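Undergrad: Would you mind keeping the following structure in view while I ask a few things?
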Amino acid sequence: MMGVSMAISFNSQHRRGASKKDMFTKAMIRTAKLFVLALMTGNSNRPINELRLPGVLMRFCISYFVVSMIMIFVPKNKKEEGKGHRKNEELRANLYEFVPVTLILGLWLGLTFGLQVEGCPTGYLGPGGLLGDQGKYPNCTGGASGYIDMKLLGLTHIYHSPTPKDVYLTGAYDPEGILGCLTSIVMVYFGVMAGRVIVYYKDHKERLTRWVVYAAVLGVISLILTKASRNEGFIPINKNMWSLSFITTLACYGLLVLSVLYIIIDILKLWGGSPFKAMGMNSIVIYCGSSFLYNVFPFQFALPTIDGCYNPSNDTHGFLLFRDVKTAFIWVVVANWMHYDKLYFNL
C-alpha cells in the first residue's frame, strides 16, 4: 500500500509541475521523519549505546527512500511516455526503472546464495540454533542475512528475541535486518506498479485485468520458487528473512485482496470502507500509538492469578486472540474519534 500511494502521490506532483529538486526535498524530509519515529518506536527502555537500528518503521523508511529516489531520478521512457492510451502503457513509460529494481533483487540473490559464512552452508536459509537441522549449524540463523547484520550492526544493535529463539534455541537475529531491506524495496515497487494501473487506466475492467494478471504472474513465480510446497523449494517462504518467495506470495495475495475490495467499494459501491477508512487517514498515529502503548492497560492485561499463582489461561490462543481483537477495536474507535474531530497527522 505504500507503493500504491507513492504512485498516486508522485503522479500528482508531476501534474502540478513539481521539479526534481522539490520532489527530492519532500522525500528527504519524509524519510527523516520516518527515521526518527523508527528509532523511537523500536527502542523503549534501551540504553543509547544499545539502540536497535533495524525495525518495522526503519524498513518502511529505507524502502520509501530508495523507491522514491528511483521514481524521481530514473528517466522515463520518452519514446513511450505521453503517447496516449496504449497497451501496457504503465510498463512502457517506466521501463528504465526495472533496471535498478532488478539490480537490487540480484544483490539480494547474490549475497543470500553466494556469500561465504564461516561454519554455514552457502545459501543457508534455515533457523540454525541448537535444535534446527539437528543442531548442525547452531550459529547460522538466517545465513548470510544474520551474518551481515552481526558484522555491520553488531550484536547490541539488533533484535534479541526472534521468533525462532524459543523453538530452535537460537541466538539473536533481526527479522528487519539489512538484507531483507532489499526485498522490501522490491515489494514496495510491486505496489508502485499496482498504483500506476490506477493512474494510467480509468476503466474498471482494465484495472482489474492488470491486477489479476500481475497477481497470477507473481503467484506462478511463488509456486516455482517453493515447488508448490509449504516449507521447501528453491527459495522457501520465510517471513523472518523476507525471502523472494515471501514477497511474491504476499504481493500476489495483496493484489487479489485489492481487486476484491475495488469491486466491492468502487464498482458495486456496497461498502465505503468504514470504520477502517479512518485508520488509513491517521495510519502513522495508530502505528506509533500501538507501539508506545502496547503494554499499557487497556491494550495489554493479564487475567487474575489463581491464589497468587501463575494463571495458564493467560497463554491460551483464545485469550490472546481476544486481547488482540479488542486492541484493534480500540484503535478503530480512536481513529474514528480523531476523524470526527478532524484531527489528522501525516508525514
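The chains in the C-alpha cells are called A, B, ... from first to last as shown; in each chain the residues are counted from 1, and the ligands are counted from 1 in the order shown.
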When DSSP is applied to the backbone of this structure, which of stretch 246-326 of chain A are assigned helix (DSSP H, G or I)? Write them out as a PyMOL selection string.
TA: chain A and resi 246-267+277-281+283-292+312-315+317-326
Undergrad: Hey, what's within 10 Å of stretch 22-36 of chain A if we count only C-alpha atoms and toss same-chain stuff fewer than 6 positions away? As a list in words, please?
TA: Phe10, Gln13, His14, Leu53, Leu57, Met58, Arg59, Phe60, Cys61, Ile62, Ser63, Tyr64, Phe65, Val66, Ser68, Met69, Met71, Ile72, Phe73, Ile284, Asn346 and Leu347 of chain A
Undergrad: Which residue out of A:Val56, A:Val212, A:Ile221, A:Val117 has the minimum interatomic distance to A:Pro175 when only C-alpha atoms are used?
TA: A:Val56
Undergrad: Excluding A:Arg210 and its own-chain neighbours fewer than 3 positions away, which residues fall within 12 Å of it when counting only C-alpha atoms? Please give them as a PyMOL selection string.
TA: chain A and resi 87-91+193-198+200-201+203-207+213-217+255-256+258-259
Undergrad: Store the residues picked out above in a file with C-alpha atoms, as a PDB file, in the first residue's frame.
TA:
ATOM      1  CA  LYS A  87      -1.427  -1.475 -24.182  1.00  0.00           C
ATOM      2  CA  ASN A  88       0.713  -1.865 -21.036  1.00  0.00           C
ATOM      3  CA  GLU A  89       1.347   1.887 -21.002  1.00  0.00           C
ATOM      4  CA  GLU A  90       2.294   1.877 -17.311  1.00  0.00           C
ATOM      5  CA  LEU A  91       5.114  -0.588 -18.063  1.00  0.00           C
ATOM      6  CA  MET A 193       3.250  -0.884 -10.347  1.00  0.00           C
ATOM      7  CA  ALA A 194      -0.207  -1.611  -8.922  1.00  0.00           C
ATOM      8  CA  GLY A 195      -0.737   2.076  -8.155  1.00  0.00           C
ATOM      9  CA  ARG A 196       0.256   3.129 -11.648  1.00  0.00           C
ATOM     10  CA  VAL A 197      -2.553   0.991 -13.001  1.00  0.00           C
ATOM     11  CA  ILE A 198      -4.899   3.410 -11.200  1.00  0.00           C
ATOM     12  CA  TYR A 200      -2.807   5.179 -16.247  1.00  0.00           C
ATOM     13  CA  TYR A 201      -6.182   3.459 -16.651  1.00  0.00           C
ATOM     14  CA  ASP A 203     -11.731   1.772 -16.900  1.00  0.00           C
ATOM     15  CA  HIS A 204     -12.657  -0.695 -14.142  1.00  0.00           C
ATOM     16  CA  LYS A 205     -12.145  -3.745 -16.327  1.00  0.00           C
ATOM     17  CA  GLU A 206      -8.680  -2.648 -17.423  1.00  0.00           C
ATOM     18  CA  ARG A 207      -7.576  -2.028 -13.842  1.00  0.00           C
ATOM     19  CA  VAL A 213      -2.550 -10.700 -14.349  1.00  0.00           C
ATOM     20  CA  TYR A 214       0.165  -9.281 -12.054  1.00  0.00           C
ATOM     21  CA  ALA A 215      -1.133 -11.490  -9.232  1.00  0.00           C
ATOM     22  CA  ALA A 216      -1.110 -14.558 -11.477  1.00  0.00           C
ATOM     23  CA  VAL A 217       2.473 -13.924 -12.626  1.00  0.00           C
ATOM     24  CA  LEU A 255      -3.242  -7.661  -5.437  1.00  0.00           C
ATOM     25  CA  LEU A 256      -6.125 -10.130  -5.200  1.00  0.00           C
ATOM     26  CA  LEU A 258      -7.069  -5.087  -3.596  1.00  0.00           C
ATOM     27  CA  SER A 259      -9.093  -6.332  -6.573  1.00  0.00           C
TER      28      SER A 259
END
Undergrad: Under the rule that only C-alpha atoms are counted, which of A:Leu37, A:Ala144, A:Val220, A:Leu208 is the nearest residue to A:Ile267?
TA: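 The closest residue to A:Ile267 is A:Leu208.
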Undergrad: Neighbours of A:Asn336 within 9 Å (only C-alpha atoms; same-chain residues fewer than 5 positions away dropped), as a list in words?
TA: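 The filter keeps Ser274, Pro275, Phe276, Lys277, Ala278, Met279, Trp331 and Asp341 of chain A.
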Undergrad: Go ahead and dump the residues you just picked, all heavy atoms, as a compact mmCIF listing (two decimals), in the first residue's frame.
TA:
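For reference, part.txt as written:
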# COMPACT_ATOMS: atom_id res chain seq x y z
N SER A 274 -15.81 2.16 5.86
CA SER A 274 -15.95 2.43 7.30
C SER A 274 -16.08 1.10 8.06
O SER A 274 -16.65 0.14 7.54
CB SER A 274 -17.18 3.29 7.55
OG SER A 274 -17.02 4.55 6.94
N PRO A 275 -15.58 1.06 9.31
CA PRO A 275 -14.92 2.12 10.07
C PRO A 275 -13.42 2.18 9.87
O PRO A 275 -12.73 2.96 10.53
CB PRO A 275 -15.24 1.73 11.51
CG PRO A 275 -15.21 0.24 11.47
CD PRO A 275 -15.77 -0.16 10.13
N PHE A 276 -12.88 1.36 8.95
CA PHE A 276 -11.43 1.25 8.81
C PHE A 276 -10.82 2.38 7.98
O PHE A 276 -9.62 2.60 8.01
CB PHE A 276 -11.07 -0.10 8.21
CG PHE A 276 -11.67 -1.25 8.96
CD1 PHE A 276 -12.70 -2.00 8.41
CD2 PHE A 276 -11.22 -1.57 10.23
CE1 PHE A 276 -13.26 -3.06 9.11
CE2 PHE A 276 -11.77 -2.62 10.94
CZ PHE A 276 -12.80 -3.36 10.38
N LYS A 277 -11.64 3.08 7.23
CA LYS A 277 -11.15 4.19 6.41
C LYS A 277 -10.45 5.23 7.27
O LYS A 277 -9.42 5.80 6.88
CB LYS A 277 -12.31 4.82 5.64
CG LYS A 277 -11.92 5.92 4.69
CD LYS A 277 -13.15 6.42 3.93
CE LYS A 277 -12.77 7.54 2.97
NZ LYS A 277 -13.95 8.03 2.22
N ALA A 278 -11.01 5.48 8.47
CA ALA A 278 -10.43 6.48 9.36
C ALA A 278 -9.03 6.08 9.82
O ALA A 278 -8.19 6.94 10.08
CB ALA A 278 -11.35 6.69 10.57
N MET A 279 -8.77 4.78 9.91
CA MET A 279 -7.44 4.33 10.33
C MET A 279 -6.40 4.67 9.26
O MET A 279 -5.27 5.04 9.58
CB MET A 279 -7.45 2.82 10.59
CG MET A 279 -8.34 2.42 11.76
SD MET A 279 -8.14 0.70 12.24
CE MET A 279 -6.58 0.76 13.12
N TRP A 331 -8.36 0.79 18.78
CA TRP A 331 -7.68 1.73 17.87
C TRP A 331 -8.60 2.17 16.73
O TRP A 331 -8.47 3.29 16.22
CB TRP A 331 -6.39 1.11 17.33
CG TRP A 331 -5.29 1.16 18.34
CD1 TRP A 331 -4.70 0.11 18.97
CD2 TRP A 331 -4.67 2.34 18.88
NE1 TRP A 331 -3.75 0.54 19.86
CE2 TRP A 331 -3.70 1.90 19.82
CE3 TRP A 331 -4.83 3.70 18.66
CZ2 TRP A 331 -2.91 2.79 20.53
CZ3 TRP A 331 -4.04 4.59 19.36
CH2 TRP A 331 -3.10 4.15 20.29
N ASP A 341 -13.36 14.53 14.90
CA ASP A 341 -12.87 15.85 15.37
C ASP A 341 -11.92 16.51 14.37
O ASP A 341 -11.32 17.54 14.66
CB ASP A 341 -12.16 15.71 16.71
CG ASP A 341 -13.14 15.64 17.86
OD1 ASP A 341 -14.36 15.75 17.63
OD2 ASP A 341 -12.69 15.47 19.02
Undergrad: What does the distance between atom CA of A:Gly142 and atom CA of A:Thr316 come to in Å, to one decimal place?
TA: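 A separation of 29.1 Å between them.
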Undergrad: I'd like the contact shell of A:Gly154 - 12 Å cut-off, only C-alpha atoms, skipping same-chain residues fewer than 2 positions apart - returned as a PyMOL selection string.
TA: chain A and resi 49-54+146-152+156-160+172-174+177-178
Undergrad: Atoms to include: N, CA and C atoms. Write the selected residues as a PDB file, in the first residue's frame.
TA:
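Saved the output as part-v7.pdb:
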ATOM      1  N   ASN A  49      23.594   3.365  23.872  1.00  0.00           N
ATOM      2  CA  ASN A  49      24.664   2.649  23.162  1.00  0.00           C
ATOM      3  C   ASN A  49      24.243   1.263  22.701  1.00  0.00           C
ATOM      4  N   GLU A  50      22.966   0.908  22.959  1.00  0.00           N
ATOM      5  CA  GLU A  50      22.445  -0.384  22.519  1.00  0.00           C
ATOM      6  C   GLU A  50      21.158  -0.227  21.720  1.00  0.00           C
ATOM      7  N   LEU A  51      20.983   0.921  21.084  1.00  0.00           N
ATOM      8  CA  LEU A  51      19.771   1.155  20.305  1.00  0.00           C
ATOM      9  C   LEU A  51      19.659   0.130  19.178  1.00  0.00           C
ATOM     10  N   ARG A  52      18.452  -0.433  19.035  1.00  0.00           N
ATOM     11  CA  ARG A  52      18.208  -1.324  17.904  1.00  0.00           C
ATOM     12  C   ARG A  52      18.033  -0.466  16.659  1.00  0.00           C
ATOM     13  N   LEU A  53      18.860  -0.702  15.667  1.00  0.00           N
ATOM     14  CA  LEU A  53      18.817   0.114  14.457  1.00  0.00           C
ATOM     15  C   LEU A  53      17.781  -0.371  13.447  1.00  0.00           C
ATOM     16  N   PRO A  54      17.658  -1.669  13.181  1.00  0.00           N
ATOM     17  CA  PRO A  54      16.580  -2.106  12.286  1.00  0.00           C
ATOM     18  C   PRO A  54      15.224  -2.007  12.987  1.00  0.00           C
ATOM     19  N   GLY A 146      21.793 -13.007   8.722  1.00  0.00           N
ATOM     20  CA  GLY A 146      22.237 -12.842  10.099  1.00  0.00           C
ATOM     21  C   GLY A 146      23.701 -12.455  10.183  1.00  0.00           C
ATOM     22  N   TYR A 147      24.526 -13.001   9.307  1.00  0.00           N
ATOM     23  CA  TYR A 147      25.963 -12.704   9.297  1.00  0.00           C
ATOM     24  C   TYR A 147      26.218 -11.234   8.978  1.00  0.00           C
ATOM     25  N   ILE A 148      25.528 -10.704   7.975  1.00  0.00           N
ATOM     26  CA  ILE A 148      25.714  -9.302   7.587  1.00  0.00           C
ATOM     27  C   ILE A 148      25.308  -8.363   8.717  1.00  0.00           C
ATOM     28  N   ASP A 149      24.187  -8.660   9.380  1.00  0.00           N
ATOM     29  CA  ASP A 149      23.747  -7.812  10.489  1.00  0.00           C
ATOM     30  C   ASP A 149      24.759  -7.819  11.629  1.00  0.00           C
ATOM     31  N   MET A 150      25.289  -8.992  11.943  1.00  0.00           N
ATOM     32  CA  MET A 150      26.279  -9.089  13.015  1.00  0.00           C
ATOM     33  C   MET A 150      27.537  -8.293  12.692  1.00  0.00           C
ATOM     34  N   LYS A 151      27.979  -8.354  11.435  1.00  0.00           N
ATOM     35  CA  LYS A 151      29.209  -7.679  11.039  1.00  0.00           C
ATOM     36  C   LYS A 151      29.029  -6.159  10.941  1.00  0.00           C
ATOM     37  N   LEU A 152      27.902  -5.718  10.393  1.00  0.00           N
ATOM     38  CA  LEU A 152      27.716  -4.286  10.145  1.00  0.00           C
ATOM     39  C   LEU A 152      27.051  -3.555  11.303  1.00  0.00           C
ATOM     40  N   THR A 156      24.743  -5.810  19.739  1.00  0.00           N
ATOM     41  CA  THR A 156      23.964  -4.933  20.630  1.00  0.00           C
ATOM     42  C   THR A 156      22.893  -4.128  19.901  1.00  0.00           C
ATOM     43  N   HIS A 157      22.986  -4.034  18.581  1.00  0.00           N
ATOM     44  CA  HIS A 157      22.068  -3.164  17.833  1.00  0.00           C
ATOM     45  C   HIS A 157      21.033  -3.929  17.018  1.00  0.00           C
ATOM     46  N   ILE A 158      20.837  -5.211  17.307  1.00  0.00           N
ATOM     47  CA  ILE A 158      19.827  -5.984  16.587  1.00  0.00           C
ATOM     48  C   ILE A 158      18.852  -6.596  17.589  1.00  0.00           C
ATOM     49  N   TYR A 159      17.812  -7.235  17.070  1.00  0.00           N
ATOM     50  CA  TYR A 159      16.747  -7.815  17.881  1.00  0.00           C
ATOM     51  C   TYR A 159      17.254  -9.070  18.584  1.00  0.00           C
ATOM     52  N   HIS A 160      16.954  -9.203  19.882  1.00  0.00           N
ATOM     53  CA  HIS A 160      17.494 -10.311  20.657  1.00  0.00           C
ATOM     54  C   HIS A 160      16.485 -11.433  20.907  1.00  0.00           C
ATOM     55  N   ALA A 172      20.539 -14.271  18.878  1.00  0.00           N
ATOM     56  CA  ALA A 172      19.898 -13.071  18.352  1.00  0.00           C
ATOM     57  C   ALA A 172      19.816 -13.121  16.829  1.00  0.00           C
ATOM     58  N   TYR A 173      18.733 -12.595  16.297  1.00  0.00           N
ATOM     59  CA  TYR A 173      18.552 -12.468  14.838  1.00  0.00           C
ATOM     60  C   TYR A 173      17.502 -11.390  14.593  1.00  0.00           C
ATOM     61  N   ASP A 174      17.765 -10.492  13.644  1.00  0.00           N
ATOM     62  CA  ASP A 174      16.822  -9.404  13.405  1.00  0.00           C
ATOM     63  C   ASP A 174      15.994  -9.658  12.146  1.00  0.00           C
ATOM     64  N   GLY A 177      16.342  -6.956   9.391  1.00  0.00           N
ATOM     65  CA  GLY A 177      17.741  -6.628   9.156  1.00  0.00           C
ATOM     66  C   GLY A 177      18.032  -6.060   7.777  1.00  0.00           C
ATOM     67  N   ILE A 178      19.329  -5.888   7.518  1.00  0.00           N
ATOM     68  CA  ILE A 178      19.792  -5.168   6.321  1.00  0.00           C
ATOM     69  C   ILE A 178      19.404  -5.883   5.033  1.00  0.00           C
TER      70      ILE A 178
END
Undergrad: May I ask which of the residues A:Gly280, A:Pro138, A:Gly143, A:Gly126 is the closest one to A:Phe113, counting only C-alpha atoms?
TA: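 Ranking A:Gly280, A:Pro138, A:Gly143, A:Gly126 by distance to A:Phe113, first place goes to A:Gly143.
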Undergrad: Can you work out the spacing between atom CA of A:Asp315 and atom CA of A:Pro47 in Å, to one decimal?
TA: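 Value for the atom CA of A:Asp315-atom CA of A:Pro47 distance: 29.8 Å.
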Undergrad: How far is it from atom CA of A:Thr122 to atom CA of A:Gly135, in Å with one decimal?
TA: 16.8 Å
Undergrad: Would you pick out the contacts of A:Trp108 at 10 Å or less, using only C-alpha atoms, so that residues sharing its chain but fewer than 4 positions from it are not included, and give the list as a list in words?
TA: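 Surrounding residues, per the criterion: Thr102, Leu103, Ile104, Thr112, Phe113, Gly114, Ala144, Ser145, Leu179, Gly180, Cys181, Leu182, Thr183, Ser243 and Leu244 of chain A.
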Undergrad: What does the file look like for those residues with N, CA, C and O atoms, as a short mmCIF file (atom, residue, chain, number, x, y, z; two decimals), in the first residue's frame?
TA:
data_model
loop_
_atom_site.label_atom_id
_atom_site.label_comp_id
_atom_site.auth_asym_id
_atom_site.auth_seq_id
_atom_site.Cartn_x
_atom_site.Cartn_y
_atom_site.Cartn_z
N THR A 102 15.83 -4.50 -10.58
CA THR A 102 16.40 -5.82 -10.88
C THR A 102 17.77 -5.99 -10.26
O THR A 102 18.12 -7.05 -9.75
N LEU A 103 18.57 -4.92 -10.28
CA LEU A 103 19.90 -4.96 -9.66
C LEU A 103 19.79 -5.17 -8.15
O LEU A 103 20.59 -5.91 -7.56
N ILE A 104 18.82 -4.53 -7.53
CA ILE A 104 18.61 -4.69 -6.09
C ILE A 104 18.23 -6.14 -5.77
O ILE A 104 18.75 -6.75 -4.83
N THR A 112 22.65 -13.63 -0.60
CA THR A 112 21.98 -14.72 0.10
C THR A 112 22.55 -16.08 -0.28
O THR A 112 22.77 -16.94 0.59
N PHE A 113 22.82 -16.28 -1.56
CA PHE A 113 23.25 -17.60 -2.03
C PHE A 113 24.72 -17.66 -2.42
O PHE A 113 25.21 -18.72 -2.79
N GLY A 114 25.43 -16.53 -2.34
CA GLY A 114 26.83 -16.54 -2.74
C GLY A 114 27.82 -16.18 -1.65
O GLY A 114 29.00 -16.52 -1.73
N ALA A 144 23.34 -15.76 5.47
CA ALA A 144 24.02 -14.52 5.12
C ALA A 144 23.35 -13.30 5.74
O ALA A 144 24.02 -12.34 6.11
N SER A 145 22.04 -13.35 5.88
CA SER A 145 21.31 -12.22 6.46
C SER A 145 21.76 -11.95 7.89
O SER A 145 22.07 -10.81 8.26
N LEU A 179 19.68 -7.17 4.95
CA LEU A 179 19.47 -7.88 3.69
C LEU A 179 17.99 -7.91 3.30
O LEU A 179 17.64 -7.79 2.12
N GLY A 180 17.11 -8.04 4.28
CA GLY A 180 15.69 -8.05 3.99
C GLY A 180 15.17 -6.73 3.47
O GLY A 180 14.09 -6.68 2.85
N CYS A 181 15.92 -5.65 3.70
CA CYS A 181 15.53 -4.35 3.16
C CYS A 181 15.51 -4.37 1.63
O CYS A 181 14.72 -3.66 1.00
N LEU A 182 16.38 -5.17 1.04
CA LEU A 182 16.46 -5.24 -0.42
C LEU A 182 15.17 -5.80 -1.01
O LEU A 182 14.62 -5.25 -1.98
N THR A 183 14.69 -6.91 -0.45
CA THR A 183 13.45 -7.48 -0.97
C THR A 183 12.24 -6.62 -0.58
O THR A 183 11.24 -6.60 -1.30
N SER A 243 12.21 -13.52 2.30
CA SER A 243 12.73 -14.20 1.12
C SER A 243 11.96 -13.78 -0.14
O SER A 243 10.85 -13.24 -0.06
N LEU A 244 12.55 -14.04 -1.28
CA LEU A 244 11.93 -13.66 -2.56
C LEU A 244 10.56 -14.30 -2.71
O LEU A 244 9.60 -13.64 -3.14
#
Undergrad: Select, from A:Leu320, A:Val199, A:Ala335, A:Val74, the residue with the minimum atom-to-atom distance to A:Arg15, counting only C-alpha atoms.
TA: A:Val199
